[in-house]
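Trainee: Quick one: the structure is below, questions incoming.
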Amino acid sequence: MTLLDVKDLWVKFPTHQGLFEAVRGVSFTLGRERLAIVGESGSGKSMTGRAILRLIRPPGVVTADRISLEGVNLLHKTEREMRDVRGQKISMVMQDPKFSLNPVMTIGQQIIEAYRLHSNATKSEAYEKSIEMLEAVSIRDQKRVMRAYPHEMSGGMGQRIMIAMMLIPDPEILIADEPTSALDVSVQRQVLSIIDSLVKERGMGLIFISHDLNLVTDFCDRVLIMYAGRIVEVCDAKNLHKAKHPYTQGLLNSLPKLHDPQKRLEVLNRDPAWSTVASISGRI
Amino acid sequence: MTKTPVETLRWRAWLLTDTPASRHHAKLSAFYKGWLSFRGNTMAMVGLWILICLILAALFAPLLSPHDPFAQNLGNRLQPLGSSNHVLGTDSLGRDILSRLIYGSRITLYIVGLVALIAPITGLLVGTVAGYVGGWTDQILMRITDIFLAFPRLVLALAFVAALGAGIENAVLAISLTAWPPYARIARAETLTIRSSDYISAIQLQGAGALRIITKHIWPLCISSLIVRVTLDMAGIILAAAGLGFLGLGAQPPSPEWGAMISEGRRFILDHWWVAAVPGMAIFTVSLAFNLLGDGLRDVLDPKDSEK
Amino acid sequence: MLKIENLNVWFGSGRDRVNAVQNANFAVKSGASFGLVGESGSGKSTILRAIMGLTKNWSGKVYVDGTQTSIKKHNSFYKTVQMVFQDPYASLHPRHSVDQVLGETLYLHGFQDIDARVVHLLDDVGLEAKFRFRYPHQLSGGQRQRVAIARALAPEPKVLLLDEPTSALDVSVQAEILNLLSDLRSRNSLTYIMVSHDLAVVSHMCESLAVMKDSEIVEIMDVSTLRNSKACHPYSQQLLLASI
């Protein structure tokens with residue numbers, strides 16, 4: 001079943017040198033699956049995620065044939081209606097938890113506030129639910145964490161708390177924008193497996209935006225590879241290493257490999273043609 | 001000589017290029033891009049135009065003013081607005097208000113210019129040295145700054161002028177003396193963030209000394225935010241100067257300083273309101289212009305925003 | 001070439017004292033490349049900053065080329081040891097053009113033929129001459145890091161300390177920079193100490209490495225030991241597992 005249907009999405013920013021097109025005609029659908037959007041910085045992957053939630057601030061302009069969530073076109077919604085969509089239907093986890101949590105409120109206050117924004121539960125109900133959510137993201141000693149301030153948390157803890165907050169209103173879709181790139185390697189996997197199991201349990205759709213091809217192969221079902229604002233390749237995550245597009249291959253080959261030492265790393269030769277071919281559709 | 005469109009376009013392309021060919025070219029290009037984004041801000045352009053008019057008025061005062069600003073004509077006193085020969089009327093001594101306004105712009109610019117030179121430069125020196133050197137130097141310099149900050153601006157200026165005698169130069173000194181501490185605070189705060197950045201570490205690793213780092217690496221980054229702050233403060237400085245003039249401690253009669261003009265007009269404000277209101281409007285307009293300009297400059301110059 | 005004995009680094013004093021590095025010992029031979037691996041906060045970057053004198057609170061002995069260096073550094077030290085920082089977006093002065101950055105560095109080291117050397121340095125790090133008068137905001141991350149490397153190379157040092165030189169860059173750019181660093185090492189017979197959290201990067205660049213955890217070096221081994229999964233310390237094994 002299709003949760004999200006994006007067709008011909010463009011994101012443009014006017015600059016002194018003319019119109020800058022960050023996303024150029026991207027189309028894809030998202031079912032109850034884990035979809036990865038992979039690309040380098042400037043490829044438009046984050047802009048795509050933000051455009052879905054209509055988080056592009058002016059002077060940026062978003063145009064699309066449609067961005068429909070369960071058949072309802074988000075482009076036609078007013079800003080007030082969008083606020084209900086954000087969080088309740090679609091949640092977003094950002095890169096660095098340090099900037100997403102309010103430093104002067106305890107974690108408990110923030111989770112409870114997030115919960116009560118979306119439901120008219122009493123304080124004690126919200127408290128119970130918050131404890132439950134912290135448990136779901138494998139945080140031990142939840143009551144102590146509820147009383148703590150964000151700066152007392154490590155990066156991994158902070159990110160798990162963000163995930164807990166985002167999942168409280170039971171969204172249909174979670175957009176995770178580089179959720180682990182600010183974290184240490186050993187913590188990355190832990191956070192990802194929490195996201196993974198939650199998404200599976202609740203039957204949500206996940207859009208996982210990342211630059212890390214290895215993580216994507218392990219944690220996603222389908223991969224869209226973006227280059228210069230366009231989708232250049234769509235493939236199953238399992239078959240990513242068999243990718244055909246020279247860009248994807250180049251990305252894979254330019255990674256140093258621990259067990260396969262090379263004298264020199266392969267360098268990506270960018271073909272100017274890649275940024276002129278029309279975007280490939282990621283629709284099913 | 002008019003440029004053909006093609007020629008203009010070529011200049012534009014040359015200025016907007018991403019690949020400047022010389023140091024000179026790179027500087028010009030950066031300046032032009034700043035100008036472009038400044039020009040996009042209509043309100044800031046309005047402010048700039050008002051200030052350009054003010055400067056022109058000050059430069060060409062003898063040509064522009066219809067009468068001698070000091071010529072008294074008691075038979076012709078307190079003429080209303082729009083009276084023939086005196087567009088903005090005359091004051092209690094029959095002097096043409098328009099001419100006095102135009103000549104007064106010279107005094108205003110003089111005050112503004114001097115304060116704008118003295119206060120930020122003192123503040124920049126004190127703030128960057130305190131911030132970069134740290135330790136005891138920082139403590140001493142900042143406590144001195146705090147002492148100056150603790151006095152109300154006008155009261156300190158009053159005391160200063162009272163001690164040195166009334167007059168424009170002393171008014172400027174007094175205002176500068178009370179205006180520099182906020183700049184020192186800003187400069188110090190900026191220096192503290194800049195000091196811990198990697199590019200300062202990198203130049204330290206090349207063996208650069210404190211003097212070079214402060215003047216060549218920290219100043220260029222502090223100056224832009226100080227310029228913005230100065231233009232925003234200009235309104236306050238003009239008002240302070242006018243205030244001193246109003247109290248009789250700034251420019252002395254018969255000099256056509258705007259604050260002093262209001263002070264004179266105060267006696268007739270109920271029957272002949274324009275004598276005070278016209279110089280008041282002038283002060284208001286120039287203060288507003290500086291504020292608008294400062295707002296526009298902040299968008300262009302603030303290093304935090306110009307990164308992107 | 002570079003030897004460190006009993007290096008301790010701390011921040012704060014009295015009750016607030018935090019030990020960032022405790023009792024670190026290692027030696028790097030001339031022309032070798034040595035890696036420091038660990039998680040954020042393990043003290044790996046702090047070791048580099050202490051060697052360079054950017055962190056003043058340290059004790060122990062640092063030998064460069066056989067001579068012990070003091071906490072107060074002389075210009076001759078900076079002519080031998082240079083450093084490349086992690087974030088190329090933060091390590092270049094936002095208001096200085098490439099030409100200014102390199103020219104000033106060369107001037108500070110007392111070179112005469114600055115113009116010729118700037119051109120030469122840009123060529124060394126694979127930047128075309130057209131980049132010379134650009135400002136940092138007109139450069140991509142990879143180009144900025146090349147400029148930062150050129151700056152470090154300007155005094156013709158023998159040792160280069162690399163603090164996560166590619167962690168802020170895209171993988172394809174990372175490959176270019178790592179290749180450049182390898183080339184420069186063989187061409188100028190440089191000695192590298194490279195800090196990274198990425199085992200694959202370190203094993204690509206270095207012959208031996210030290211694993212750090214909680215401000216201590218827990219294990220020093222050859223890269224081949226690591227590749228054959230023969231690391232002894234449980235933490236090294238854990239890191240290895242997480243990186244595959």
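Every chain in the structure tokens takes a letter, A first, then B, and so on in the order presented; its residues are numbered from 1, and the ligands are numbered from 1 following the presented order.
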Write out as a PDB file with all heavy atoms, in the first residue's frame the residues lying within 12 Å of Arg188 (chain B), counting only C-alpha atoms and excluding same-chain residues fewer than 4 positions away.
Mentor:
```pdb
ATOM      1  N   GLY B 123      36.804  51.102  21.239  1.00  0.00           N
ATOM      2  CA  GLY B 123      36.164  49.866  21.669  1.00  0.00           C
ATOM      3  C   GLY B 123      36.828  48.648  21.055  1.00  0.00           C
ATOM      4  O   GLY B 123      37.073  47.647  21.726  1.00  0.00           O
ATOM      5  N   LEU B 124      37.136  48.755  19.758  1.00  0.00           N
ATOM      6  CA  LEU B 124      37.760  47.628  19.060  1.00  0.00           C
ATOM      7  C   LEU B 124      39.109  47.295  19.681  1.00  0.00           C
ATOM      8  O   LEU B 124      39.418  46.125  19.961  1.00  0.00           O
ATOM      9  CB  LEU B 124      37.930  47.994  17.586  1.00  0.00           C
ATOM     10  CG  LEU B 124      38.468  46.908  16.653  1.00  0.00           C
ATOM     11  CD1 LEU B 124      37.459  45.792  16.532  1.00  0.00           C
ATOM     12  CD2 LEU B 124      38.766  47.482  15.278  1.00  0.00           C
ATOM     13  N   LEU B 125      39.912  48.338  19.920  1.00  0.00           N
ATOM     14  CA  LEU B 125      41.232  48.123  20.525  1.00  0.00           C
ATOM     15  C   LEU B 125      41.107  47.425  21.875  1.00  0.00           C
ATOM     16  O   LEU B 125      41.704  46.373  22.113  1.00  0.00           O
ATOM     17  CB  LEU B 125      41.927  49.471  20.726  1.00  0.00           C
ATOM     18  CG  LEU B 125      42.805  49.948  19.585  1.00  0.00           C
ATOM     19  CD1 LEU B 125      43.276  51.357  19.863  1.00  0.00           C
ATOM     20  CD2 LEU B 125      43.996  49.017  19.451  1.00  0.00           C
ATOM     21  N   VAL B 126      40.307  48.021  22.741  1.00  0.00           N
ATOM     22  CA  VAL B 126      40.178  47.490  24.097  1.00  0.00           C
ATOM     23  C   VAL B 126      39.603  46.074  24.061  1.00  0.00           C
ATOM     24  O   VAL B 126      40.130  45.148  24.687  1.00  0.00           O
ATOM     25  CB  VAL B 126      39.274  48.419  24.936  1.00  0.00           C
ATOM     26  CG1 VAL B 126      38.971  47.793  26.289  1.00  0.00           C
ATOM     27  CG2 VAL B 126      39.932  49.767  25.106  1.00  0.00           C
ATOM     28  N   GLY B 127      38.533  45.895  23.283  1.00  0.00           N
ATOM     29  CA  GLY B 127      37.830  44.613  23.277  1.00  0.00           C
ATOM     30  C   GLY B 127      38.663  43.479  22.716  1.00  0.00           C
ATOM     31  O   GLY B 127      38.727  42.397  23.297  1.00  0.00           O
ATOM     32  N   THR B 128      39.327  43.720  21.572  1.00  0.00           N
ATOM     33  CA  THR B 128      40.070  42.615  20.971  1.00  0.00           C
ATOM     34  C   THR B 128      41.298  42.259  21.807  1.00  0.00           C
ATOM     35  O   THR B 128      41.611  41.078  21.972  1.00  0.00           O
ATOM     36  CB  THR B 128      40.507  42.945  19.534  1.00  0.00           C
ATOM     37  OG1 THR B 128      41.076  44.244  19.513  1.00  0.00           O
ATOM     38  CG2 THR B 128      39.333  42.901  18.601  1.00  0.00           C
ATOM     39  N   VAL B 129      41.951  43.280  22.344  1.00  0.00           N
ATOM     40  CA  VAL B 129      43.126  42.975  23.183  1.00  0.00           C
ATOM     41  C   VAL B 129      42.688  42.193  24.411  1.00  0.00           C
ATOM     42  O   VAL B 129      43.260  41.152  24.755  1.00  0.00           O
ATOM     43  CB  VAL B 129      43.862  44.269  23.578  1.00  0.00           C
ATOM     44  CG1 VAL B 129      44.903  43.984  24.640  1.00  0.00           C
ATOM     45  CG2 VAL B 129      44.519  44.887  22.364  1.00  0.00           C
ATOM     46  N   ALA B 130      41.625  42.665  25.061  1.00  0.00           N
ATOM     47  CA  ALA B 130      41.139  41.969  26.248  1.00  0.00           C
ATOM     48  C   ALA B 130      40.756  40.539  25.903  1.00  0.00           C
ATOM     49  O   ALA B 130      41.112  39.590  26.610  1.00  0.00           O
ATOM     50  CB  ALA B 130      39.934  42.704  26.835  1.00  0.00           C
ATOM     51  N   GLY B 131      40.027  40.368  24.802  1.00  0.00           N
ATOM     52  CA  GLY B 131      39.547  39.037  24.440  1.00  0.00           C
ATOM     53  C   GLY B 131      40.671  38.109  24.039  1.00  0.00           C
ATOM     54  O   GLY B 131      40.668  36.932  24.392  1.00  0.00           O
ATOM     55  N   TYR B 132      41.640  38.628  23.290  1.00  0.00           N
ATOM     56  CA  TYR B 132      42.680  37.727  22.796  1.00  0.00           C
ATOM     57  C   TYR B 132      43.714  37.406  23.867  1.00  0.00           C
ATOM     58  O   TYR B 132      44.106  36.253  24.047  1.00  0.00           O
ATOM     59  CB  TYR B 132      43.375  38.322  21.564  1.00  0.00           C
ATOM     60  CG  TYR B 132      44.352  37.346  20.951  1.00  0.00           C
ATOM     61  CD1 TYR B 132      43.873  36.266  20.208  1.00  0.00           C
ATOM     62  CD2 TYR B 132      45.719  37.459  21.155  1.00  0.00           C
ATOM     63  CE1 TYR B 132      44.740  35.344  19.669  1.00  0.00           C
ATOM     64  CE2 TYR B 132      46.591  36.541  20.620  1.00  0.00           C
ATOM     65  CZ  TYR B 132      46.098  35.489  19.881  1.00  0.00           C
ATOM     66  OH  TYR B 132      46.959  34.564  19.365  1.00  0.00           O
ATOM     67  N   VAL B 133      44.163  38.424  24.588  1.00  0.00           N
ATOM     68  CA  VAL B 133      45.217  38.186  25.574  1.00  0.00           C
ATOM     69  C   VAL B 133      44.658  37.452  26.790  1.00  0.00           C
ATOM     70  O   VAL B 133      45.283  36.536  27.317  1.00  0.00           O
ATOM     71  CB  VAL B 133      45.878  39.523  25.985  1.00  0.00           C
ATOM     72  CG1 VAL B 133      46.945  39.288  27.025  1.00  0.00           C
ATOM     73  CG2 VAL B 133      46.470  40.187  24.761  1.00  0.00           C
ATOM     74  N   GLY B 134      43.468  37.853  27.237  1.00  0.00           N
ATOM     75  CA  GLY B 134      42.840  37.164  28.363  1.00  0.00           C
ATOM     76  C   GLY B 134      43.548  37.453  29.678  1.00  0.00           C
ATOM     77  O   GLY B 134      44.342  38.387  29.792  1.00  0.00           O
ATOM     78  N   ASP B 138      42.617  41.133  30.485  1.00  0.00           N
ATOM     79  CA  ASP B 138      41.188  41.079  30.233  1.00  0.00           C
ATOM     80  C   ASP B 138      40.428  41.639  31.433  1.00  0.00           C
ATOM     81  O   ASP B 138      39.554  42.499  31.288  1.00  0.00           O
ATOM     82  CB  ASP B 138      40.807  39.619  29.969  1.00  0.00           C
ATOM     83  CG  ASP B 138      39.354  39.455  29.600  1.00  0.00           C
ATOM     84  OD1 ASP B 138      38.770  40.424  29.102  1.00  0.00           O
ATOM     85  OD2 ASP B 138      38.817  38.362  29.815  1.00  0.00           O
ATOM     86  N   GLN B 139      40.795  41.160  32.623  1.00  0.00           N
ATOM     87  CA  GLN B 139      40.113  41.603  33.847  1.00  0.00           C
ATOM     88  C   GLN B 139      40.168  43.124  33.985  1.00  0.00           C
ATOM     89  O   GLN B 139      39.138  43.782  34.178  1.00  0.00           O
ATOM     90  CB  GLN B 139      40.785  40.963  35.076  1.00  0.00           C
ATOM     91  CG  GLN B 139      40.517  39.472  35.214  1.00  0.00           C
ATOM     92  CD  GLN B 139      39.062  39.199  35.542  1.00  0.00           C
ATOM     93  OE1 GLN B 139      38.391  40.011  36.145  1.00  0.00           O
ATOM     94  NE2 GLN B 139      38.575  38.046  35.114  1.00  0.00           N
ATOM     95  N   LEU B 141      40.967  45.570  31.751  1.00  0.00           N
ATOM     96  CA  LEU B 141      40.313  46.331  30.689  1.00  0.00           C
ATOM     97  C   LEU B 141      38.793  46.253  30.803  1.00  0.00           C
ATOM     98  O   LEU B 141      38.091  47.246  30.608  1.00  0.00           O
ATOM     99  CB  LEU B 141      40.765  45.806  29.319  1.00  0.00           C
ATOM    100  CG  LEU B 141      42.180  46.171  28.911  1.00  0.00           C
ATOM    101  CD1 LEU B 141      42.541  45.522  27.597  1.00  0.00           C
ATOM    102  CD2 LEU B 141      42.322  47.678  28.802  1.00  0.00           C
ATOM    103  N   MET B 142      38.306  45.076  31.145  1.00  0.00           N
ATOM    104  CA  MET B 142      36.852  44.926  31.195  1.00  0.00           C
ATOM    105  C   MET B 142      36.255  45.627  32.416  1.00  0.00           C
ATOM    106  O   MET B 142      35.138  46.115  32.361  1.00  0.00           O
ATOM    107  CB  MET B 142      36.476  43.444  31.182  1.00  0.00           C
ATOM    108  CG  MET B 142      36.499  42.858  29.796  1.00  0.00           C
ATOM    109  SD  MET B 142      35.373  43.721  28.687  1.00  0.00           S
ATOM    110  CE  MET B 142      36.485  44.361  27.467  1.00  0.00           C
ATOM    111  N   THR B 145      35.919  49.119  31.437  1.00  0.00           N
ATOM    112  CA  THR B 145      34.749  49.229  30.575  1.00  0.00           C
ATOM    113  C   THR B 145      33.474  49.244  31.403  1.00  0.00           C
ATOM    114  O   THR B 145      32.557  50.034  31.154  1.00  0.00           O
ATOM    115  CB  THR B 145      34.705  48.031  29.605  1.00  0.00           C
ATOM    116  OG1 THR B 145      35.992  47.865  29.057  1.00  0.00           O
ATOM    117  CG2 THR B 145      33.704  48.251  28.514  1.00  0.00           C
ATOM    118  N   PRO B 181      32.182  51.877  25.455  1.00  0.00           N
ATOM    119  CA  PRO B 181      32.149  50.600  26.183  1.00  0.00           C
ATOM    120  C   PRO B 181      31.321  49.499  25.531  1.00  0.00           C
ATOM    121  O   PRO B 181      31.773  48.362  25.479  1.00  0.00           O
ATOM    122  CB  PRO B 181      31.589  50.990  27.548  1.00  0.00           C
ATOM    123  CG  PRO B 181      31.913  52.412  27.707  1.00  0.00           C
ATOM    124  CD  PRO B 181      31.798  52.995  26.354  1.00  0.00           C
ATOM    125  N   PRO B 182      30.129  49.806  24.970  1.00  0.00           N
ATOM    126  CA  PRO B 182      29.395  48.713  24.317  1.00  0.00           C
ATOM    127  C   PRO B 182      30.189  48.088  23.169  1.00  0.00           C
ATOM    128  O   PRO B 182      30.153  46.873  22.980  1.00  0.00           O
ATOM    129  CB  PRO B 182      28.128  49.390  23.794  1.00  0.00           C
ATOM    130  CG  PRO B 182      27.970  50.609  24.620  1.00  0.00           C
ATOM    131  CD  PRO B 182      29.342  51.054  24.977  1.00  0.00           C
ATOM    132  N   TYR B 183      30.946  48.927  22.431  1.00  0.00           N
ATOM    133  CA  TYR B 183      31.739  48.372  21.332  1.00  0.00           C
ATOM    134  C   TYR B 183      32.827  47.444  21.857  1.00  0.00           C
ATOM    135  O   TYR B 183      33.116  46.403  21.274  1.00  0.00           O
ATOM    136  CB  TYR B 183      32.377  49.494  20.506  1.00  0.00           C
ATOM    137  CG  TYR B 183      31.368  50.408  19.869  1.00  0.00           C
ATOM    138  CD1 TYR B 183      31.248  51.726  20.267  1.00  0.00           C
ATOM    139  CD2 TYR B 183      30.518  49.934  18.885  1.00  0.00           C
ATOM    140  CE1 TYR B 183      30.303  52.559  19.703  1.00  0.00           C
ATOM    141  CE2 TYR B 183      29.575  50.756  18.324  1.00  0.00           C
ATOM    142  CZ  TYR B 183      29.472  52.068  18.733  1.00  0.00           C
ATOM    143  OH  TYR B 183      28.531  52.884  18.176  1.00  0.00           O
ATOM    144  N   ALA B 184      33.412  47.844  22.982  1.00  0.00           N
ATOM    145  CA  ALA B 184      34.444  46.986  23.567  1.00  0.00           C
ATOM    146  C   ALA B 184      33.853  45.640  23.956  1.00  0.00           C
ATOM    147  O   ALA B 184      34.457  44.587  23.740  1.00  0.00           O
ATOM    148  CB  ALA B 184      35.061  47.672  24.784  1.00  0.00           C
ATOM    149  N   LEU B 192      36.414  36.330  21.529  1.00  0.00           N
ATOM    150  CA  LEU B 192      36.459  35.066  22.262  1.00  0.00           C
ATOM    151  C   LEU B 192      36.056  33.892  21.372  1.00  0.00           C
ATOM    152  O   LEU B 192      36.671  32.827  21.428  1.00  0.00           O
ATOM    153  CB  LEU B 192      35.546  35.127  23.493  1.00  0.00           C
ATOM    154  CG  LEU B 192      36.068  35.994  24.626  1.00  0.00           C
ATOM    155  CD1 LEU B 192      35.105  35.958  25.810  1.00  0.00           C
ATOM    156  CD2 LEU B 192      37.447  35.524  25.075  1.00  0.00           C
ATOM    157  N   THR B 193      35.020  34.088  20.543  1.00  0.00           N
ATOM    158  CA  THR B 193      34.633  32.984  19.649  1.00  0.00           C
ATOM    159  C   THR B 193      35.669  32.785  18.559  1.00  0.00           C
ATOM    160  O   THR B 193      36.028  31.661  18.232  1.00  0.00           O
ATOM    161  CB  THR B 193      33.269  33.221  18.972  1.00  0.00           C
ATOM    162  OG1 THR B 193      33.072  34.617  18.865  1.00  0.00           O
ATOM    163  CG2 THR B 193      32.144  32.581  19.708  1.00  0.00           C
ATOM    164  N   ILE B 194      36.150  33.910  18.011  1.00  0.00           N
ATOM    165  CA  ILE B 194      37.121  33.796  16.914  1.00  0.00           C
ATOM    166  C   ILE B 194      38.416  33.152  17.411  1.00  0.00           C
ATOM    167  O   ILE B 194      39.007  32.318  16.746  1.00  0.00           O
ATOM    168  CB  ILE B 194      37.414  35.189  16.310  1.00  0.00           C
ATOM    169  CG1 ILE B 194      36.142  35.774  15.701  1.00  0.00           C
ATOM    170  CG2 ILE B 194      38.501  35.108  15.262  1.00  0.00           C
ATOM    171  CD1 ILE B 194      36.273  37.240  15.337  1.00  0.00           C
ATOM    172  N   ARG B 195      38.819  33.533  18.638  1.00  0.00           N
ATOM    173  CA  ARG B 195      40.106  33.060  19.154  1.00  0.00           C
ATOM    174  C   ARG B 195      40.183  31.537  19.193  1.00  0.00           C
ATOM    175  O   ARG B 195      41.226  30.949  18.963  1.00  0.00           O
ATOM    176  CB  ARG B 195      40.309  33.623  20.561  1.00  0.00           C
ATOM    177  CG  ARG B 195      41.663  33.313  21.137  1.00  0.00           C
ATOM    178  CD  ARG B 195      41.809  33.888  22.520  1.00  0.00           C
ATOM    179  NE  ARG B 195      40.958  33.196  23.468  1.00  0.00           N
ATOM    180  CZ  ARG B 195      41.069  33.328  24.787  1.00  0.00           C
ATOM    181  NH1 ARG B 195      41.966  34.133  25.285  1.00  0.00           N
ATOM    182  NH2 ARG B 195      40.258  32.674  25.580  1.00  0.00           N
ATOM    183  N   ILE B 214      45.754  39.726  16.020  1.00  0.00           N
ATOM    184  CA  ILE B 214      44.685  40.666  16.354  1.00  0.00           C
ATOM    185  C   ILE B 214      44.389  41.597  15.184  1.00  0.00           C
ATOM    186  O   ILE B 214      43.238  41.748  14.770  1.00  0.00           O
ATOM    187  CB  ILE B 214      45.063  41.493  17.606  1.00  0.00           C
ATOM    188  CG1 ILE B 214      45.051  40.586  18.838  1.00  0.00           C
ATOM    189  CG2 ILE B 214      44.074  42.636  17.804  1.00  0.00           C
ATOM    190  CD1 ILE B 214      45.485  41.278  20.104  1.00  0.00           C
ATOM    191  N   ILE B 218      41.697  39.047  13.482  1.00  0.00           N
ATOM    192  CA  ILE B 218      40.509  39.254  14.306  1.00  0.00           C
ATOM    193  C   ILE B 218      39.789  40.543  13.907  1.00  0.00           C
ATOM    194  O   ILE B 218      38.570  40.550  13.768  1.00  0.00           O
ATOM    195  CB  ILE B 218      40.891  39.250  15.798  1.00  0.00           C
ATOM    196  CG1 ILE B 218      41.386  37.849  16.161  1.00  0.00           C
ATOM    197  CG2 ILE B 218      39.713  39.634  16.664  1.00  0.00           C
ATOM    198  CD1 ILE B 218      41.810  37.687  17.577  1.00  0.00           C
ATOM    199  N   TRP B 219      40.547  41.611  13.670  1.00  0.00           N
ATOM    200  CA  TRP B 219      39.891  42.867  13.315  1.00  0.00           C
ATOM    201  C   TRP B 219      38.969  42.770  12.102  1.00  0.00           C
ATOM    202  O   TRP B 219      37.839  43.238  12.164  1.00  0.00           O
ATOM    203  CB  TRP B 219      40.938  43.977  13.113  1.00  0.00           C
ATOM    204  CG  TRP B 219      41.385  44.572  14.397  1.00  0.00           C
ATOM    205  CD1 TRP B 219      41.058  44.132  15.656  1.00  0.00           C
ATOM    206  CD2 TRP B 219      42.228  45.708  14.584  1.00  0.00           C
ATOM    207  NE1 TRP B 219      41.654  44.912  16.600  1.00  0.00           N
ATOM    208  CE2 TRP B 219      42.386  45.894  15.970  1.00  0.00           C
ATOM    209  CE3 TRP B 219      42.857  46.578  13.703  1.00  0.00           C
ATOM    210  CZ2 TRP B 219      43.146  46.920  16.506  1.00  0.00           C
ATOM    211  CZ3 TRP B 219      43.620  47.601  14.237  1.00  0.00           C
ATOM    212  CH2 TRP B 219      43.759  47.777  15.624  1.00  0.00           C
ATOM    213  N   LEU B 221      37.167  40.582  11.076  1.00  0.00           N
ATOM    214  CA  LEU B 221      35.897  39.918  11.373  1.00  0.00           C
ATOM    215  C   LEU B 221      35.057  40.724  12.355  1.00  0.00           C
ATOM    216  O   LEU B 221      33.831  40.654  12.336  1.00  0.00           O
ATOM    217  CB  LEU B 221      36.159  38.526  11.936  1.00  0.00           C
ATOM    218  CG  LEU B 221      36.722  37.556  10.918  1.00  0.00           C
ATOM    219  CD1 LEU B 221      37.157  36.275  11.579  1.00  0.00           C
ATOM    220  CD2 LEU B 221      35.700  37.274   9.847  1.00  0.00           C
ATOM    221  N   CYS B 222      35.737  41.475  13.245  1.00  0.00           N
ATOM    222  CA  CYS B 222      34.986  42.274  14.217  1.00  0.00           C
ATOM    223  C   CYS B 222      34.435  43.533  13.578  1.00  0.00           C
ATOM    224  O   CYS B 222      33.364  44.002  13.927  1.00  0.00           O
ATOM    225  CB  CYS B 222      35.885  42.692  15.374  1.00  0.00           C
ATOM    226  SG  CYS B 222      36.282  41.355  16.478  1.00  0.00           S
ATOM    227  N   ILE B 223      35.209  44.093  12.632  1.00  0.00           N
ATOM    228  CA  ILE B 223      34.880  45.413  12.116  1.00  0.00           C
ATOM    229  C   ILE B 223      33.487  45.449  11.506  1.00  0.00           C
ATOM    230  O   ILE B 223      32.724  46.378  11.752  1.00  0.00           O
ATOM    231  CB  ILE B 223      35.946  45.866  11.091  1.00  0.00           C
ATOM    232  CG1 ILE B 223      37.166  46.374  11.856  1.00  0.00           C
ATOM    233  CG2 ILE B 223      35.417  46.961  10.199  1.00  0.00           C
ATOM    234  CD1 ILE B 223      38.339  46.710  10.993  1.00  0.00           C
ATOM    235  N   SER B 225      30.773  43.777  12.186  1.00  0.00           N
ATOM    236  CA  SER B 225      29.659  43.878  13.125  1.00  0.00           C
ATOM    237  C   SER B 225      29.702  45.211  13.868  1.00  0.00           C
ATOM    238  O   SER B 225      28.666  45.733  14.268  1.00  0.00           O
ATOM    239  CB  SER B 225      29.656  42.701  14.101  1.00  0.00           C
ATOM    240  OG  SER B 225      30.848  42.662  14.817  1.00  0.00           O
ATOM    241  N   LEU B 226      30.908  45.781  14.024  1.00  0.00           N
ATOM    242  CA  LEU B 226      30.982  47.097  14.649  1.00  0.00           C
ATOM    243  C   LEU B 226      30.386  48.170  13.751  1.00  0.00           C
ATOM    244  O   LEU B 226      29.686  49.059  14.219  1.00  0.00           O
ATOM    245  CB  LEU B 226      32.436  47.446  14.991  1.00  0.00           C
ATOM    246  CG  LEU B 226      33.010  46.729  16.207  1.00  0.00           C
ATOM    247  CD1 LEU B 226      34.363  47.297  16.560  1.00  0.00           C
ATOM    248  CD2 LEU B 226      32.087  46.822  17.399  1.00  0.00           C
TER     249      LEU B 226
END
```
Trainee: For the structure I just gave you, how does DSSP split region 2-238 of chain C - specifically, which residues are helix (DSSP H, G or I)? Reply as a PyMOL selection string.
Mentor: chain C and resi 14-16+44-52+75-80+98-108+114-124+129-131+136-138+141-153+171-188+199-205+223-227+234-238
Trainee: Got a sec to pull out which chain A residues are within 12 Å of chain B, counting only C-alpha atoms, and send them as a ChimeraX atom specification?
Mentor: /A:15-18
Trainee: Keeping C-alpha atoms, export the residues of the selection given above as a short mmCIF file (atom, residue, chain, number, x, y, z; two decimals), in the first residue's frame.
Mentor:
```cif
data_model
loop_
_atom_site.label_atom_id
_atom_site.label_comp_id
_atom_site.auth_asym_id
_atom_site.auth_seq_id
_atom_site.Cartn_x
_atom_site.Cartn_y
_atom_site.Cartn_z
CA THR A 15 20.30 33.60 -6.13
CA HIS A 16 22.24 36.45 -7.68
CA GLN A 17 23.58 34.07 -10.28
CA GLY A 18 20.11 32.91 -11.27
#
```
Trainee: Using only C-alpha atoms, find the one residue out of A:Ala22, A:Ile280, A:Leu213, A:Leu265 that sits nearest to His241 (chain A).
Mentor: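 Checking each of A:Ala22, A:Ile280, A:Leu213, A:Leu265 against His241 (chain A), counting only C-alpha atoms, the winner is A:Leu213.
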Trainee: Residues of chain C within 12 Å of chain A, using only C-alpha atoms, as a ChimeraX atom specification?
Mentor: /C:37-42,140-142,166-183,196-207,223-229,235-244
